[in-house]
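The next block is work-v7.pdb, given as PDB, C-alpha atoms.
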```pdb
ATOM      1  CA  MET A1495      99.106  66.222 116.330
ATOM      2  CA  SER A1496      97.048  69.248 115.279
ATOM      3  CA  TYR A1497      98.467  71.870 112.953
ATOM      4  CA  GLN A1498      98.826  75.320 114.499
ATOM      5  CA  TYR A1499      97.486  77.844 112.006
ATOM      6  CA  SER A1500      98.644  81.437 112.220
ATOM      7  CA  SER A1501      97.617  83.055 108.944
ATOM      8  CA  LEU A1502      96.441  82.124 105.479
ATOM      9  CA  THR A1503      99.674  83.496 104.000
ATOM     10  CA  ALA A1504     101.811  81.313 106.270
ATOM     11  CA  ALA A1505      99.620  78.280 105.602
ATOM     12  CA  ILE A1506     100.003  78.669 101.835
ATOM     13  CA  ALA A1507     103.786  78.985 102.172
ATOM     14  CA  ASP A1508     104.047  75.735 104.168
ATOM     15  CA  LYS A1509     103.904  72.684 101.887
ATOM     16  CA  TYR A1510     103.285  70.476 104.927
ATOM     17  CA  CYS A1511     100.248  72.465 106.047
ATOM     18  CA  PRO A1512      96.934  70.550 105.661
ATOM     19  CA  LEU A1513      95.287  73.587 104.045
ATOM     20  CA  ARG A1514      98.122  74.004 101.525
ATOM     21  CA  GLN A1515      97.959  70.284 100.734
ATOM     22  CA  TYR A1516      94.210  70.589 100.188
ATOM     23  CA  PHE A1517      94.773  73.461  97.745
ATOM     24  CA  ASP A1518      97.449  71.453  95.915
ATOM     25  CA  ARG A1519      95.119  68.473  95.496
ATOM     26  CA  ARG A1520      91.924  70.343  94.721
ATOM     27  CA  PHE A1521      93.184  73.226  92.565
ATOM     28  CA  PRO A1522      96.237  71.987  90.655
ATOM     29  CA  HIS A1523      95.526  73.581  87.253
ATOM     30  CA  ILE A1524      96.864  77.080  87.793
ATOM     31  CA  LYS A1525      98.885  77.435  84.590
ATOM     32  CA  PRO A1526      95.949  78.527  82.366
ATOM     33  CA  VAL A1527      95.153  81.331  84.821
ATOM     34  CA  GLN A1528      98.796  82.383  84.987
ATOM     35  CA  ALA A1529      99.050  82.372  81.193
ATOM     36  CA  ASP A1530      95.917  84.514  80.902
ATOM     37  CA  TYR A1531      97.362  86.944  83.429
ATOM     38  CA  ARG A1532     100.714  87.237  81.618
ATOM     39  CA  ALA A1533      98.995  87.819  78.290
ATOM     40  CA  SER A1534      97.338  90.976  79.591
ATOM     41  CA  ALA A1535      99.948  92.096  82.123
ATOM     42  CA  GLY A1536     100.941  95.324  80.398
ATOM     43  CA  THR A1537     104.128  97.275  81.073
ATOM     44  CA  LEU A1538     105.573  98.816  84.226
ATOM     45  CA  LEU A1539     104.195 102.344  84.656
ATOM     46  CA  VAL A1540     105.307 103.258  88.184
ATOM     47  CA  ASP A1541     108.872 102.266  88.985
ATOM     48  CA  GLY A1542     110.224 101.656  92.461
ATOM     49  CA  ALA A1543     112.938 103.555  94.300
ATOM     50  CA  THR A1544     114.190 103.624  97.888
ATOM     51  CA  ALA A1545     110.951 103.488  99.900
ATOM     52  CA  ASN A1546     110.233 100.282 101.816
ATOM     53  CA  PRO A1547     108.064  98.220  99.428
ATOM     54  CA  GLY A1548     106.064  96.528 102.182
ATOM     55  CA  THR A1549     105.164  99.795 103.876
ATOM     56  CA  LEU A1550     104.395 101.345 100.501
ATOM     57  CA  GLY A1551     101.970  98.562  99.621
ATOM     58  CA  ALA A1552     100.171  98.923 102.936
ATOM     59  CA  ALA A1553      99.999 102.717 102.586
ATOM     60  CA  PHE A1554      98.496 102.414  99.095
ATOM     61  CA  ASP A1555      95.963  99.920 100.436
ATOM     62  CA  PHE A1556      94.964 102.329 103.215
ATOM     63  CA  LEU A1557      94.691 105.211 100.752
ATOM     64  CA  LEU A1558      92.174 103.317  98.620
ATOM     65  CA  ARG A1559      90.203 102.247 101.689
ATOM     66  CA  PHE A1560      89.874 105.860 102.809
ATOM     67  CA  THR A1561      88.901 106.797  99.258
ATOM     68  CA  LEU A1562      85.910 104.494  99.696
ATOM     69  CA  ASP A1563      85.012 105.484 103.259
ATOM     70  CA  ALA A1564      85.987 108.702 105.041
ATOM     71  CA  ASP A1565      84.946 107.177 108.374
ATOM     72  CA  TYR A1566      87.105 104.064 108.082
ATOM     73  CA  ARG A1567      89.187 103.510 111.213
ATOM     74  CA  PRO A1568      91.810 100.732 111.085
ATOM     75  CA  GLN A1569      91.670  99.648 114.714
ATOM     76  CA  ILE A1570      94.764  97.452 114.541
ATOM     77  CA  ALA A1571      96.828 100.535 113.644
ATOM     78  CA  ALA A1572      96.033 101.911 117.097
ATOM     79  CA  ALA A1573      96.511  98.590 118.890
ATOM     80  CA  PHE A1574     100.207  97.790 118.615
ATOM     81  CA  PRO A1575     101.876  96.899 121.929
ATOM     82  CA  ALA A1576     104.321  99.825 122.038
ATOM     83  CA  ILE A1577     101.461 102.283 122.680
ATOM     84  CA  SER A1578      99.268  99.965 124.741
ATOM     85  CA  GLY A1579      98.065 101.787 127.817
ATOM     86  CA  ARG A1580      98.855 105.194 126.329
ATOM     87  CA  PRO A1581      95.428 106.635 125.417
ATOM     88  CA  GLU A1582      97.013 109.912 124.311
ATOM     89  CA  TYR A1583      99.128 108.054 121.735
ATOM     90  CA  ILE A1584      96.154 106.012 120.555
ATOM     91  CA  GLY A1585      94.283 109.282 120.118
ATOM     92  CA  GLU A1586      97.071 110.611 117.891
ATOM     93  CA  VAL A1587      96.809 107.536 115.639
ATOM     94  CA  LEU A1588      93.034 107.923 115.373
ATOM     95  CA  GLU A1589      93.481 111.599 114.502
ATOM     96  CA  VAL A1590      95.859 110.576 111.708
ATOM     97  CA  ALA A1591      93.138 108.225 110.450
ATOM     98  CA  ARG A1592      90.662 111.101 110.500
ATOM     99  CA  LEU A1593      93.002 113.152 108.324
ATOM    100  CA  ALA A1594      93.376 110.229 105.922
ATOM    101  CA  GLY A1595      89.594 110.187 105.560
ATOM    102  CA  ALA A1596      89.829 113.322 103.422
ATOM    103  CA  ALA A1597      90.650 110.946 100.556
ATOM    104  CA  ALA A1598      86.929 110.259 100.184
ATOM    105  CA  HIS A1599      86.205 113.862  99.276
ATOM    106  CA  ARG A1600      87.446 114.119  95.725
ATOM    107  CA  PRO A1601      88.915 115.896  93.875
ATOM    108  CA  LEU A1602      91.809 116.493  96.246
ATOM    109  CA  SER A1603      94.096 119.480  96.264
ATOM    110  CA  GLU A1604      97.825 118.755  96.127
ATOM    111  CA  SER A1605      98.282 119.677  99.787
ATOM    112  CA  THR A1606      95.384 117.487 100.903
ATOM    113  CA  LEU A1607      96.629 114.574  98.825
ATOM    114  CA  SER A1608     100.081 114.937 100.387
ATOM    115  CA  THR A1609      98.552 114.867 103.878
ATOM    116  CA  VAL A1610      96.417 111.837 103.047
ATOM    117  CA  ILE A1611      99.443 109.948 101.726
ATOM    118  CA  ARG A1612     101.520 110.872 104.772
ATOM    119  CA  ALA A1613      98.692 109.727 107.030
ATOM    120  CA  SER A1614      98.348 106.437 105.155
ATOM    121  CA  TRP A1615     102.097 105.850 105.462
ATOM    122  CA  ALA A1616     101.979 106.431 109.225
ATOM    123  CA  LEU A1617      99.071 104.019 109.603
ATOM    124  CA  ALA A1618     100.989 101.437 107.576
ATOM    125  CA  LEU A1619     103.935 101.745 109.989
ATOM    126  CA  CYS A1620     101.608 101.330 112.966
ATOM    127  CA  THR A1621     100.018  98.258 111.411
ATOM    128  CA  GLU A1622     103.436  96.709 110.806
ATOM    129  CA  LEU A1623     104.149  96.910 114.524
ATOM    130  CA  TYR A1624     100.796  95.347 115.323
ATOM    131  CA  ARG A1625     101.584  92.394 113.070
ATOM    132  CA  ASN A1626     105.217  92.139 114.200
ATOM    133  CA  PRO A1627     105.928  93.846 117.547
ATOM    134  CA  TYR A1628     109.500  92.538 117.506
ATOM    135  CA  ALA A1629     110.279  94.972 114.682
ATOM    136  CA  PHE A1630     109.946  97.920 117.074
ATOM    137  CA  PRO A1631     113.699  98.639 117.537
ATOM    138  CA  THR A1632     114.161  99.303 113.816
ATOM    139  CA  SER A1633     110.785 100.937 113.174
ATOM    140  CA  PRO A1634     110.631 104.663 112.295
ATOM    141  CA  LEU A1635     108.058 104.853 115.099
ATOM    142  CA  ALA A1636     110.600 103.894 117.762
ATOM    143  CA  ASP A1637     112.143 107.347 118.171
ATOM    144  CA  PRO A1638     108.864 109.314 118.491
ATOM    145  CA  ILE A1639     107.615 106.803 121.069
ATOM    146  CA  ARG A1640     110.823 106.674 123.098
ATOM    147  CA  SER A1641     111.285 110.447 123.035
ATOM    148  CA  GLY A1642     107.697 111.220 123.959
ATOM    149  CA  ARG A1643     107.211 113.168 120.715
ATOM    150  CA  PHE A1644     104.519 110.827 119.383
ATOM    151  CA  SER A1645     102.180 113.363 117.799
ATOM    152  CA  VAL A1646     100.162 113.799 114.627
ATOM    153  CA  ASP A1647     102.818 116.087 113.184
ATOM    154  CA  ALA A1648     105.582 113.615 114.029
ATOM    155  CA  LEU A1649     103.653 110.763 112.420
ATOM    156  CA  LEU A1650     102.953 112.745 109.253
ATOM    157  CA  ALA A1651     106.644 113.612 108.967
ATOM    158  CA  LEU A1652     107.713 109.956 108.746
ATOM    159  CA  ALA A1653     106.873 109.449 105.075
ATOM    160  CA  PRO A1654     109.966 109.822 102.823
ATOM    161  CA  GLU A1655     109.574 112.069  99.795
ATOM    162  CA  ASP A1656     110.207 109.092  97.530
ATOM    163  CA  ALA A1657     107.316 107.219  99.162
ATOM    164  CA  ILE A1658     104.992 110.187  98.739
ATOM    165  CA  ALA A1659     105.877 110.452  95.040
ATOM    166  CA  GLN A1660     105.359 106.740  94.393
ATOM    167  CA  VAL A1661     102.063 106.484  96.261
ATOM    168  CA  ARG A1662     100.807 109.622  94.529
ATOM    169  CA  SER A1663     101.562 108.105  91.101
ATOM    170  CA  LEU A1664      99.912 104.820  92.069
ATOM    171  CA  TYR A1665      96.864 106.652  93.380
ATOM    172  CA  MET A1666      96.362 108.800  90.279
ATOM    173  CA  LEU A1667      96.656 105.709  88.091
ATOM    174  CA  ALA A1668      94.190 103.796  90.257
ATOM    175  CA  LEU A1669      91.580 106.549  90.016
ATOM    176  CA  THR A1670      91.491 105.904  86.289
ATOM    177  CA  GLU A1671      91.816 102.116  86.228
ATOM    178  CA  LEU A1672      89.530 101.421  89.217
ATOM    179  CA  GLY A1673      87.036 104.186  88.528
ATOM    180  CA  GLU A1674      83.894 102.052  88.758
ATOM    181  CA  LEU A1675      85.013 100.268  91.926
ATOM    182  CA  LEU A1676      86.024 103.478  93.697
ATOM    183  CA  SER A1677      83.050 105.657  92.782
ATOM    184  CA  PRO A1678      79.554 105.819  94.259
ATOM    185  CA  PRO A1679      76.894 104.646  94.289
ATOM    186  CA  LEU A1680      78.149 101.478  95.997
ATOM    187  CA  SER A1681      75.731  99.352  97.972
ATOM    188  CA  ALA A1682      78.126  97.156  99.953
ATOM    189  CA  VAL A1683      81.744  97.969 100.837
ATOM    190  CA  ALA A1684      83.923  95.922 103.202
ATOM    191  CA  LEU A1685      87.400  97.218 104.074
ATOM    192  CA  GLY A1686      89.960  94.761 105.416
ATOM    193  CA  PRO A1687      87.238  92.123 105.850
ATOM    194  CA  THR A1688      87.733  88.919 107.777
ATOM    195  CA  PHE A1689      85.723  85.761 107.194
ATOM    196  CA  ALA A1690      83.870  83.125 109.173
ATOM    197  CA  ALA A1691      86.830  80.737 108.953
ATOM    198  CA  SER A1692      89.338  83.463 109.890
ATOM    199  CA  ARG A1693      88.902  82.508 113.543
ATOM    200  CA  PHE A1694      90.804  79.301 112.809
ATOM    201  CA  CYS A1695      93.395  80.770 110.445
ATOM    202  CA  GLY A1696      93.964  84.526 110.247
ATOM    203  CA  ALA A1697      92.828  85.961 106.922
ATOM    204  CA  ASP A1698      91.802  89.491 106.011
ATOM    205  CA  ALA A1699      91.303  90.631 102.434
ATOM    206  CA  ASP A1700      91.949  94.116 101.094
ATOM    207  CA  ILE A1701      88.573  95.322  99.819
ATOM    208  CA  ILE A1702      85.234  93.820  98.799
ATOM    209  CA  VAL A1703      82.922  96.072  96.782
ATOM    210  CA  ASP A1704      79.459  94.832  95.828
ATOM    211  CA  GLY A1705      80.613  91.212  95.660
ATOM    212  CA  VAL A1706      83.920  91.966  93.918
ATOM    213  CA  LEU A1707      86.893  90.832  96.004
ATOM    214  CA  LEU A1708      89.649  93.298  95.138
ATOM    215  CA  GLU A1709      93.218  92.322  95.986
ATOM    216  CA  LEU A1710      95.880  95.017  95.588
ATOM    217  CA  LYS A1711      99.457  94.274  94.517
ATOM    218  CA  THR A1712     102.225  96.892  94.346
ATOM    219  CA  ARG A1713     105.152  94.633  93.470
ATOM    220  CA  LEU A1714     107.589  95.548  90.720
ATOM    221  CA  GLY A1715     107.525  92.201  88.937
ATOM    222  CA  THR A1716     110.411  90.093  87.715
ATOM    223  CA  ALA A1717     113.512  91.754  86.283
ATOM    224  CA  LYS A1718     114.240  90.707  82.703
ATOM    225  CA  LYS A1719     116.608  91.960  79.999
ATOM    226  CA  SER A1720     113.731  93.786  78.360
ATOM    227  CA  GLY A1721     112.572  95.335  81.640
ATOM    228  CA  ARG A1722     110.180  94.297  84.394
ATOM    229  CA  ALA A1723     107.477  91.685  83.777
ATOM    230  CA  ASP A1724     104.389  91.133  85.905
ATOM    231  CA  SER A1725     103.248  87.630  86.806
ATOM    232  CA  LEU A1726     100.773  85.760  88.969
ATOM    233  CA  SER A1727     102.209  83.335  91.518
ATOM    234  CA  LEU A1728     100.712  80.162  92.919
ATOM    235  CA  ALA A1729     100.491  81.932  96.279
ATOM    236  CA  ASP A1730      98.462  84.771  94.700
ATOM    237  CA  ILE A1731      95.926  82.311  93.298
ATOM    238  CA  TYR A1732      95.670  80.298  96.495
ATOM    239  CA  GLN A1733      95.287  83.488  98.501
ATOM    240  CA  VAL A1734      92.203  84.738  96.666
ATOM    241  CA  ILE A1735      90.710  81.246  96.553
ATOM    242  CA  GLY A1736      91.362  81.047 100.275
ATOM    243  CA  TYR A1737      89.395  84.222 100.906
ATOM    244  CA  ALA A1738      86.479  82.921  98.851
ATOM    245  CA  VAL A1739      86.294  79.550 100.614
ATOM    246  CA  PHE A1740      86.888  81.099 104.062
ATOM    247  CA  ASP A1741      83.623  83.040 103.584
ATOM    248  CA  THR A1742      81.739  79.915 104.675
ATOM    249  CA  THR A1743      78.613  81.894 105.577
ATOM    250  CA  ASP A1744      78.583  83.677 102.193
ATOM    251  CA  THR A1745      78.468  86.940 104.103
ATOM    252  CA  PHE A1746      80.062  88.965 101.300
ATOM    253  CA  ARG A1747      78.356  87.223  98.361
ATOM    254  CA  ILE A1748      81.604  87.173  96.409
ATOM    255  CA  HIS A1749      80.979  86.630  92.706
ATOM    256  CA  THR A1750      84.135  88.085  91.147
ATOM    257  CA  ILE A1751      87.826  87.921  91.974
ATOM    258  CA  ALA A1752      89.778  91.034  90.950
ATOM    259  CA  LEU A1753      93.506  91.553  91.275
ATOM    260  CA  TYR A1754      94.811  95.046  90.651
ATOM    261  CA  SER A1755      98.499  95.266  89.778
ATOM    262  CA  ALA A1756      99.036  98.867  90.803
ATOM    263  CA  ARG A1757     102.431  99.547  89.218
ATOM    264  CA  TYR A1758     101.185  98.222  85.896
ATOM    265  CA  GLY A1759      97.762  99.848  86.101
ATOM    266  CA  MET A1760      96.102  96.548  85.200
ATOM    267  CA  LEU A1761      92.884  95.167  86.678
ATOM    268  CA  HIS A1762      92.534  91.419  86.174
ATOM    269  CA  CYS A1763      89.078  89.944  86.836
ATOM    270  CA  TRP A1764      87.702  86.418  86.956
ATOM    271  CA  PRO A1765      84.153  85.301  87.757
ATOM    272  CA  LEU A1766      84.654  83.296  90.956
ATOM    273  CA  GLN A1767      82.925  80.165  89.673
ATOM    274  CA  GLN A1768      84.921  80.248  86.437
ATOM    275  CA  LEU A1769      88.202  80.627  88.315
ATOM    276  CA  LEU A1770      87.410  77.719  90.632
ATOM    277  CA  ASP A1771      86.311  75.453  87.777
ATOM    278  CA  THR A1772      89.460  76.282  85.796
ATOM    279  CA  VAL A1773      91.981  75.610  88.552
ATOM    280  CA  ALA A1774      90.105  72.491  89.695
ATOM    281  CA  GLY A1775      89.805  71.128  86.160
ATOM    282  CA  GLU A1776      86.140  70.325  86.776
ATOM    283  CA  PRO A1777      82.939  71.978  88.046
ATOM    284  CA  VAL A1778      83.229  73.037  91.672
ATOM    285  CA  ASP A1779      80.467  73.126  94.270
ATOM    286  CA  LEU A1780      81.504  76.223  96.215
ATOM    287  CA  ALA A1781      79.256  75.489  99.178
ATOM    288  CA  ALA A1782      80.740  72.008  99.494
ATOM    289  CA  GLU A1783      84.292  73.349  99.306
ATOM    290  CA  ARG A1784      83.527  75.914 101.979
ATOM    291  CA  ALA A1785      82.104  73.236 104.250
ATOM    292  CA  HIS A1786      85.175  71.065 103.671
ATOM    293  CA  VAL A1787      87.572  73.895 104.498
ATOM    294  CA  PHE A1788      85.638  74.828 107.622
ATOM    295  CA  LYS A1789      85.789  71.221 108.803
ATOM    296  CA  LEU A1790      89.480  70.944 107.933
ATOM    297  CA  LEU A1791      90.414  74.091 109.856
ATOM    298  CA  SER A1792      88.159  73.519 112.854
ATOM    299  CA  SER A1793      89.247  69.888 113.286
ATOM    300  CA  GLN A1794      92.864  71.032 113.533
ATOM    301  CA  GLN A1795      91.809  73.184 116.476
ATOM    302  CA  GLY A1796      90.186  70.251 118.222
ATOM    303  CA  MET A1797      86.741  71.658 117.483
ATOM    304  CA  SER A1798      83.793  70.173 115.694
ATOM    305  CA  ALA A1799      82.520  71.721 112.467
TER
END
```
Re-express the file's structure as structure tokens.
Amino acid sequence: MSYQYSSLTAAIADKYCPLRQYFDRRFPHIKPVQADYRASAGTLLVDGATANPGTLGAAFDFLLRFTLDADYRPQIAAAFPAISGRPEYIGEVLEVARLAGAAAHRPLSESTLSTVIRASWALALCTELYRNPYAFPTSPLADPIRSGRFSVDALLALAPEDAIAQVRSLYMLALTELGELLSPPLSAVALGPTFAASRFCGADADIIVDGVLLELKTRLGTAKKSGRADSLSLADIYQVIGYAVFDTTDTFRIHTIALYSARYGMLHCWPLQQLLDTVAGEPVDLAAERAHVFKLLSSQQGMSA
């Protein structure tokens, strides 16, 4: 019986999934990478509060994407079922994206930054409903849609003040810590990229800049007596490896894996080949691994590689 893949995240979480079992066999030596990460984790700089952490992470992700490209348009944000067939509503979402594009024109005034953050928050809410339409009854978008007041102004008003404050702090920190990755000249930028193997198992990364795969994390870390502590999970490692091996056509020419822990202001980087060799415990032929993964995923769909 074939395995029904939905997403890379779900596949990694399922110990009975063929892809997860492949990762477990092929890349079992994750502890050295985790130890290296902990050693340079730093301290918590931006604390959490009441804002939804999932929405906040997505809003921060959008903010950085618009910082890189004023013309970026997240199509899935305008494609959730609740506004399907309502071109006027879709137009409002695209107008919000246009406002968010002001992030690319730095430096930003306080009022512009506030608008950009509000716009990013609204797009994050829209994307959540695209990924999980069943969440509509409890979504902040439900009332504007049901009442017919689904407008740019209504969407911008959805961001709580706490969310605006947190995202602003994360953004200002990122401008310093990610300066080189966020500043021109950049020759190749991919925002929310999918990969050749994504057609078998949904996978879209955050950002790829000139061969650097940048994954953004806004989690608080683990609570300890001495305060919060950042760490790197097995799922984190498998996720970035998954992106690299899913790029079976080498479209993005990924040479470096970078994970930015936004609340800690820490950018952790590994040369891709070094990371693979370390977690495998031996030299890795990336092309061969990509071919193996493509065959593994496609065979589960009843397709030939």
Practice prompt. For a cut-off of 7 Å around (105.2, 108.9, 104.5), file coordinates, pick out all residues using only C-alpha atoms and list them as a list in words.
Written response: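 Checking each residue against the 7 Å limit leaves Ile1611, Arg1612, Trp1615, Ala1616, Leu1650, Ala1651, Leu1652, Ala1653, Pro1654, Ala1657 and Ile1658 of chain A.
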Discussion item. So that I can check the surroundings of Gly1536 (chain A), please list as number ranges by chain every protein, DNA and RNA residue that reaches within 8 Å of it, counting all atoms listed in the file and ignoring chain neighbours fewer than 6 positions away.
Written reply: A: 1724, 1758-1760
Worksheet item: So which residues get picked by the PyMOL selection byres ((chain A and resi 1706-1718) around 6) here, written as a list in words?
Response: Gly1551, Asp1700, Ile1701, Ile1702, Val1703, Asp1704, Gly1705, Lys1719, Ser1720, Gly1721, Arg1722, Ala1723, Asp1724, Ile1748, Thr1750, Ile1751, Ala1752, Leu1753, Tyr1754, Ser1755, Ala1756 and Arg1757 of chain A
Worksheet item: In Å, how far is it from CA of Phe1574 (chain A) to CA of Pro1631 (chain A)?
Response: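 So the two atoms, CA of Phe1574 (chain A) and CA of Pro1631 (chain A), lie 13.6 Å apart.
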Discussion item. Given the point (92.2, 111.7, 112.4) in the file's coordinates, find the residues that have an atom at most 12 Å from it, counting all atoms listed in the file, and give them as a ChimeraX atom specification.
Written reply: /A:1560,1564-1568,1572,1584-1597,1609-1610,1613-1614,1616-1617,1645-1647,1649-1650
Discussion item. Please report the interatomic distance between CA of Gln1768 (chain A) and CA of Leu1538 (chain A) in Å with one decimal.
Written reply: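 Separating CA of Gln1768 (chain A) from CA of Leu1538 (chain A) is a distance of 27.9 Å.
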Discussion item. I want to know what sits within 12 Å of Glu1674 (chain A), based on all atoms listed in the file, with residues of the same chain fewer than 2 positions away left out; could you give that as a PyMOL selection string?
Written reply: chain A and resi 1562+1668-1672+1676-1680+1703-1704+1706+1761
Fill in: Hits from the PyMOL selection byres ((chain A and resi 1501-1514) around 7), listed as an NGL selection string
:A and (1499-1500 or 1515-1518 or 1695-1697 or 1729)
To test the calculation: enclose all listed atoms of region 1612-1615 of chain A in a box whose edges run along x, y and z, add 8 Å on each side, then state centre and edge lengths in Å to one decimal, as lines of an AutoDock Vina configuration file.
```
center_x = 100.2
center_y = 108.4
center_z = 105.9
size_x = 19.7
size_y = 21.0
size_z = 18.3
```
Item to complete: Point out the residue among A:Ala1682, A:Ile1577, A:Leu1728, A:Ile1570 with the least atom-to-atom distance to Pro1638 (chain A), counting only C-alpha atoms.
Response: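 Residue with the minimum atom-to-atom distance to Pro1638 (chain A): A:Ile1577.
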Worksheet item: Could you work out how far CA of Ala1684 (chain A) lies from CA of Tyr1737 (chain A), giving the answer in Å with one decimal?
Response: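 So the two atoms, CA of Tyr1737 (chain A) and CA of Ala1684 (chain A), lie 13.1 Å apart.
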